[in-house]
Structures are given as structure tokens and as C-alpha cells.
Amino acid sequence: MERQELNELKKKLENLSYILKLRNSLIPEFRHMPLFQNGSAIIVVNENGEILLQERGDRNLWGLPGGLQELGETFEQVALRELQEETGLVAFADDLELVKVVSGESRKNSYPNGDQVYNNTVLFCVKKYHGDLNGEYAELVDNNDGNFILQKETKTVKFFGLDNLPENLMDIDLIESYRNYATSKQ
């Protein structure tokens, strides 16, 4: 790779998340191979015992707020950052309850661009939060052609009862872990 091409690549990768930088540093034949991703998800519980779900902008699925760990972040910081970015809500680390660390085959995921991952997810729940629900945050995503686009991460956010969840649901394993956790706390 020539110096000019290398400098152009460095400039392009400058504002990308850690995982996108990692993927795009691989040769094209390996860009979509399964990678481990560490991150957090958060179950927000309202006063009616309902949980908050987001309808994702990259596919027609509902899931929990959450995302990937950036270099240097704690899992609590990831959960709180993602909560604010994806829902507009703010919570504090002292109010987070650790539900479970979930990993393995149930956390295997494929993205619309072909990327495959195994997520190692630290699941938290929170009942104390403030702010107004919105899904206005957008992030850079891989367009699978060497270019990146700014894409709204959340279509909408809404609270659901555990007995009335949408059919087009991802994160079923995390929600089941929360059910077990909540039952054991009663």
C-alpha cells in the first residue's frame, strides 16, 4: 500500500468506532468473518414493570438499548452511553443492577452488511432514570463498499409488558435472563 493510500485510509478510519476500525483493517476476504464483540445492554423498567425496547434503524427488529464497548470504557459506561444515545434517557452508574453476563451461541448475530459477531454482553437493569424518550442519535455504519454512512440507530422507542412483547424481537436471550433475574428477586 502506498503512503498516500495509507494516509487516506487513516483519515477515513479516524472517526469510526473501534470495531469498524478493526474490521476495515482486515483484508477484504476476512472483513465479514466472525469476531468477538464486548458490550452492554440495559433493561429499563418503568413504574408499571414494563421494559423499554427500541425499534432498530438497520433492520425491522425490536431490541434492548445497548452496544459495543469502546477502548477504555467500563461496561457500566457503555450501558449508560448507549442508553442516552439510543433512547434519550439518562441514568447513573449507582442505579444499575447487574443482571447477568450472556455469551455463547445465543449471542451470535449477523448484520445487514454481512458482518458476523459473537457478542459478550453484560446485561444491566435500571429503574431510576430521567429524560425524554427519543431516538434521534445517528452513527457511522459500514456501507459494505468502503464507504460509511450516517444512519439513525433507532426508529422508535416504546415500553412493553413482558407478556406483550413484539413478534419481531431480537435479544430474546437477554430478556429471558432478565425474566429469571426478576423472578429470583421476588
# chains A, B, ... in the order shown; residues from 1 in each chain; ligands from 1
$ select_by_dssp --residues "chain A" --states "strand (DSSP E or B)" --output "ChimeraX atom specification"
/A:35-45,51-56,62-63,66-68,89-90,97-102,108-110,116-126,130-131,138-142,148-152,154-160,169
$ residues_around --residues "A:Val45" --least-positions-apart "5" --cutoff "10 Å" --atoms "only C-alpha atoms" --output "PyMOL selection string"
chain A and resi 50-52+125-129+159-161
$ write_last_selection --atoms "N, CA, C and O atoms" --output "JSON list (two decimals), in the first residue's frame"
[["chain", "number", "residue", "atom", "x", "y", "z"],
["A", 50, "GLU", "N", -43.01, -2.44, 32.94],
["A", 50, "GLU", "CA", -42.77, -2.66, 31.51],
["A", 50, "GLU", "C", -41.29, -2.38, 31.21],
["A", 50, "GLU", "O", -40.64, -1.62, 31.91],
["A", 51, "ILE", "N", -40.80, -3.00, 30.12],
["A", 51, "ILE", "CA", -39.41, -2.79, 29.72],
["A", 51, "ILE", "C", -39.35, -1.97, 28.42],
["A", 51, "ILE", "O", -40.25, -2.06, 27.58],
["A", 52, "LEU", "N", -38.30, -1.20, 28.30],
["A", 52, "LEU", "CA", -38.12, -0.33, 27.13],
["A", 52, "LEU", "C", -37.41, -1.08, 26.02],
["A", 52, "LEU", "O", -36.37, -1.70, 26.23],
["A", 125, "CYS", "N", -29.99, -3.79, 34.52],
["A", 125, "CYS", "CA", -31.32, -3.19, 34.52],
["A", 125, "CYS", "C", -31.27, -1.94, 35.37],
["A", 125, "CYS", "O", -30.40, -1.78, 36.23],
["A", 126, "VAL", "N", -32.19, -1.04, 35.10],
["A", 126, "VAL", "CA", -32.28, 0.21, 35.83],
["A", 126, "VAL", "C", -33.74, 0.60, 35.96],
["A", 126, "VAL", "O", -34.53, 0.41, 35.03],
["A", 127, "LYS", "N", -34.09, 1.12, 37.13],
["A", 127, "LYS", "CA", -35.46, 1.57, 37.38],
["A", 127, "LYS", "C", -35.52, 3.07, 37.64],
["A", 127, "LYS", "O", -36.60, 3.65, 37.61],
["A", 128, "LYS", "N", -34.36, 3.67, 37.92],
["A", 128, "LYS", "CA", -34.30, 5.12, 38.13],
["A", 128, "LYS", "C", -33.60, 5.75, 36.94],
["A", 128, "LYS", "O", -32.46, 5.42, 36.63],
["A", 129, "TYR", "N", -34.32, 6.65, 36.28],
["A", 129, "TYR", "CA", -33.79, 7.32, 35.09],
["A", 129, "TYR", "C", -34.58, 8.60, 34.89],
["A", 129, "TYR", "O", -35.63, 8.81, 35.51],
["A", 159, "PHE", "N", -42.23, 1.31, 25.65],
["A", 159, "PHE", "CA", -42.29, 0.35, 26.75],
["A", 159, "PHE", "C", -43.29, -0.76, 26.42],
["A", 159, "PHE", "O", -44.36, -0.50, 25.86],
["A", 160, "PHE", "N", -42.93, -2.00, 26.79],
["A", 160, "PHE", "CA", -43.77, -3.17, 26.57],
["A", 160, "PHE", "C", -43.85, -3.99, 27.85],
["A", 160, "PHE", "O", -42.86, -4.12, 28.57],
["A", 161, "GLY", "N", -45.01, -4.59, 28.08],
["A", 161, "GLY", "CA", -45.14, -5.56, 29.16],
["A", 161, "GLY", "C", -44.41, -6.84, 28.75],
["A", 161, "GLY", "O", -44.37, -7.18, 27.57]]
$ closest_residue --among "A:Val101, A:Leu83, A:Leu150, A:Val78" --to "A:Gly131" --atoms "only C-alpha atoms"
A:Leu83
$ select_by_dssp --residues "stretch 77-155 of chain A" --states "helix (DSSP H, G or I)" --output "list in words"
Gln77, Val78, Ala79, Leu80, Arg81, Glu82, Leu83, Gln84, Glu85, Glu86, Thr87, Ala93, Asp94, Asp95, Glu105, Ser106 and Arg107 of chain A
$ write_last_selection --atoms "N, CA and C atoms" --output "PDB file, in the first residue's frame"
ATOM      1  N   GLN A  77     -20.219   2.194  31.834  1.00  0.00           N
ATOM      2  CA  GLN A  77     -20.170   3.376  30.962  1.00  0.00           C
ATOM      3  C   GLN A  77     -20.809   3.088  29.610  1.00  0.00           C
ATOM      4  N   VAL A  78     -20.561   1.892  29.073  1.00  0.00           N
ATOM      5  CA  VAL A  78     -21.171   1.506  27.796  1.00  0.00           C
ATOM      6  C   VAL A  78     -22.693   1.532  27.922  1.00  0.00           C
ATOM      7  N   ALA A  79     -23.222   0.893  28.965  1.00  0.00           N
ATOM      8  CA  ALA A  79     -24.672   0.827  29.149  1.00  0.00           C
ATOM      9  C   ALA A  79     -25.282   2.217  29.250  1.00  0.00           C
ATOM     10  N   LEU A  80     -24.657   3.089  30.029  1.00  0.00           N
ATOM     11  CA  LEU A  80     -25.195   4.436  30.227  1.00  0.00           C
ATOM     12  C   LEU A  80     -25.091   5.283  28.964  1.00  0.00           C
ATOM     13  N   ARG A  81     -23.976   5.166  28.240  1.00  0.00           N
ATOM     14  CA  ARG A  81     -23.803   5.910  26.985  1.00  0.00           C
ATOM     15  C   ARG A  81     -24.828   5.457  25.955  1.00  0.00           C
ATOM     16  N   GLU A  82     -24.949   4.156  25.788  1.00  0.00           N
ATOM     17  CA  GLU A  82     -25.892   3.627  24.806  1.00  0.00           C
ATOM     18  C   GLU A  82     -27.337   3.975  25.168  1.00  0.00           C
ATOM     19  N   LEU A  83     -27.656   3.944  26.445  1.00  0.00           N
ATOM     20  CA  LEU A  83     -28.999   4.326  26.884  1.00  0.00           C
ATOM     21  C   LEU A  83     -29.319   5.746  26.437  1.00  0.00           C
ATOM     22  N   GLN A  84     -28.399   6.649  26.672  1.00  0.00           N
ATOM     23  CA  GLN A  84     -28.637   8.044  26.297  1.00  0.00           C
ATOM     24  C   GLN A  84     -28.672   8.218  24.779  1.00  0.00           C
ATOM     25  N   GLU A  85     -27.716   7.595  24.062  1.00  0.00           N
ATOM     26  CA  GLU A  85     -27.677   7.742  22.608  1.00  0.00           C
ATOM     27  C   GLU A  85     -28.933   7.184  21.946  1.00  0.00           C
ATOM     28  N   GLU A  86     -29.351   6.012  22.371  1.00  0.00           N
ATOM     29  CA  GLU A  86     -30.423   5.315  21.666  1.00  0.00           C
ATOM     30  C   GLU A  86     -31.823   5.665  22.136  1.00  0.00           C
ATOM     31  N   THR A  87     -31.961   6.205  23.352  1.00  0.00           N
ATOM     32  CA  THR A  87     -33.304   6.461  23.877  1.00  0.00           C
ATOM     33  C   THR A  87     -33.529   7.890  24.359  1.00  0.00           C
ATOM     34  N   ALA A  93     -24.630   5.304  37.212  1.00  0.00           N
ATOM     35  CA  ALA A  93     -23.983   4.019  37.462  1.00  0.00           C
ATOM     36  C   ALA A  93     -24.432   3.397  38.781  1.00  0.00           C
ATOM     37  N   ASP A  94     -24.630   4.216  39.804  1.00  0.00           N
ATOM     38  CA  ASP A  94     -25.046   3.688  41.115  1.00  0.00           C
ATOM     39  C   ASP A  94     -26.421   3.033  41.073  1.00  0.00           C
ATOM     40  N   ASP A  95     -27.222   3.354  40.054  1.00  0.00           N
ATOM     41  CA  ASP A  95     -28.570   2.805  39.949  1.00  0.00           C
ATOM     42  C   ASP A  95     -28.649   1.553  39.068  1.00  0.00           C
ATOM     43  N   GLU A 105     -23.474 -19.148  21.851  1.00  0.00           N
ATOM     44  CA  GLU A 105     -24.251 -19.234  20.609  1.00  0.00           C
ATOM     45  C   GLU A 105     -25.488 -18.335  20.595  1.00  0.00           C
ATOM     46  N   SER A 106     -26.100 -18.122  21.753  1.00  0.00           N
ATOM     47  CA  SER A 106     -27.312 -17.285  21.775  1.00  0.00           C
ATOM     48  C   SER A 106     -26.995 -15.831  21.434  1.00  0.00           C
ATOM     49  N   ARG A 107     -25.739 -15.454  21.487  1.00  0.00           N
ATOM     50  CA  ARG A 107     -25.334 -14.077  21.201  1.00  0.00           C
ATOM     51  C   ARG A 107     -24.726 -13.929  19.811  1.00  0.00           C
TER      52      ARG A 107
END
$ atom_distance --atom1 "atom CA of A:Val117" --atom2 "atom CA of A:Gly39"
11.8 Å
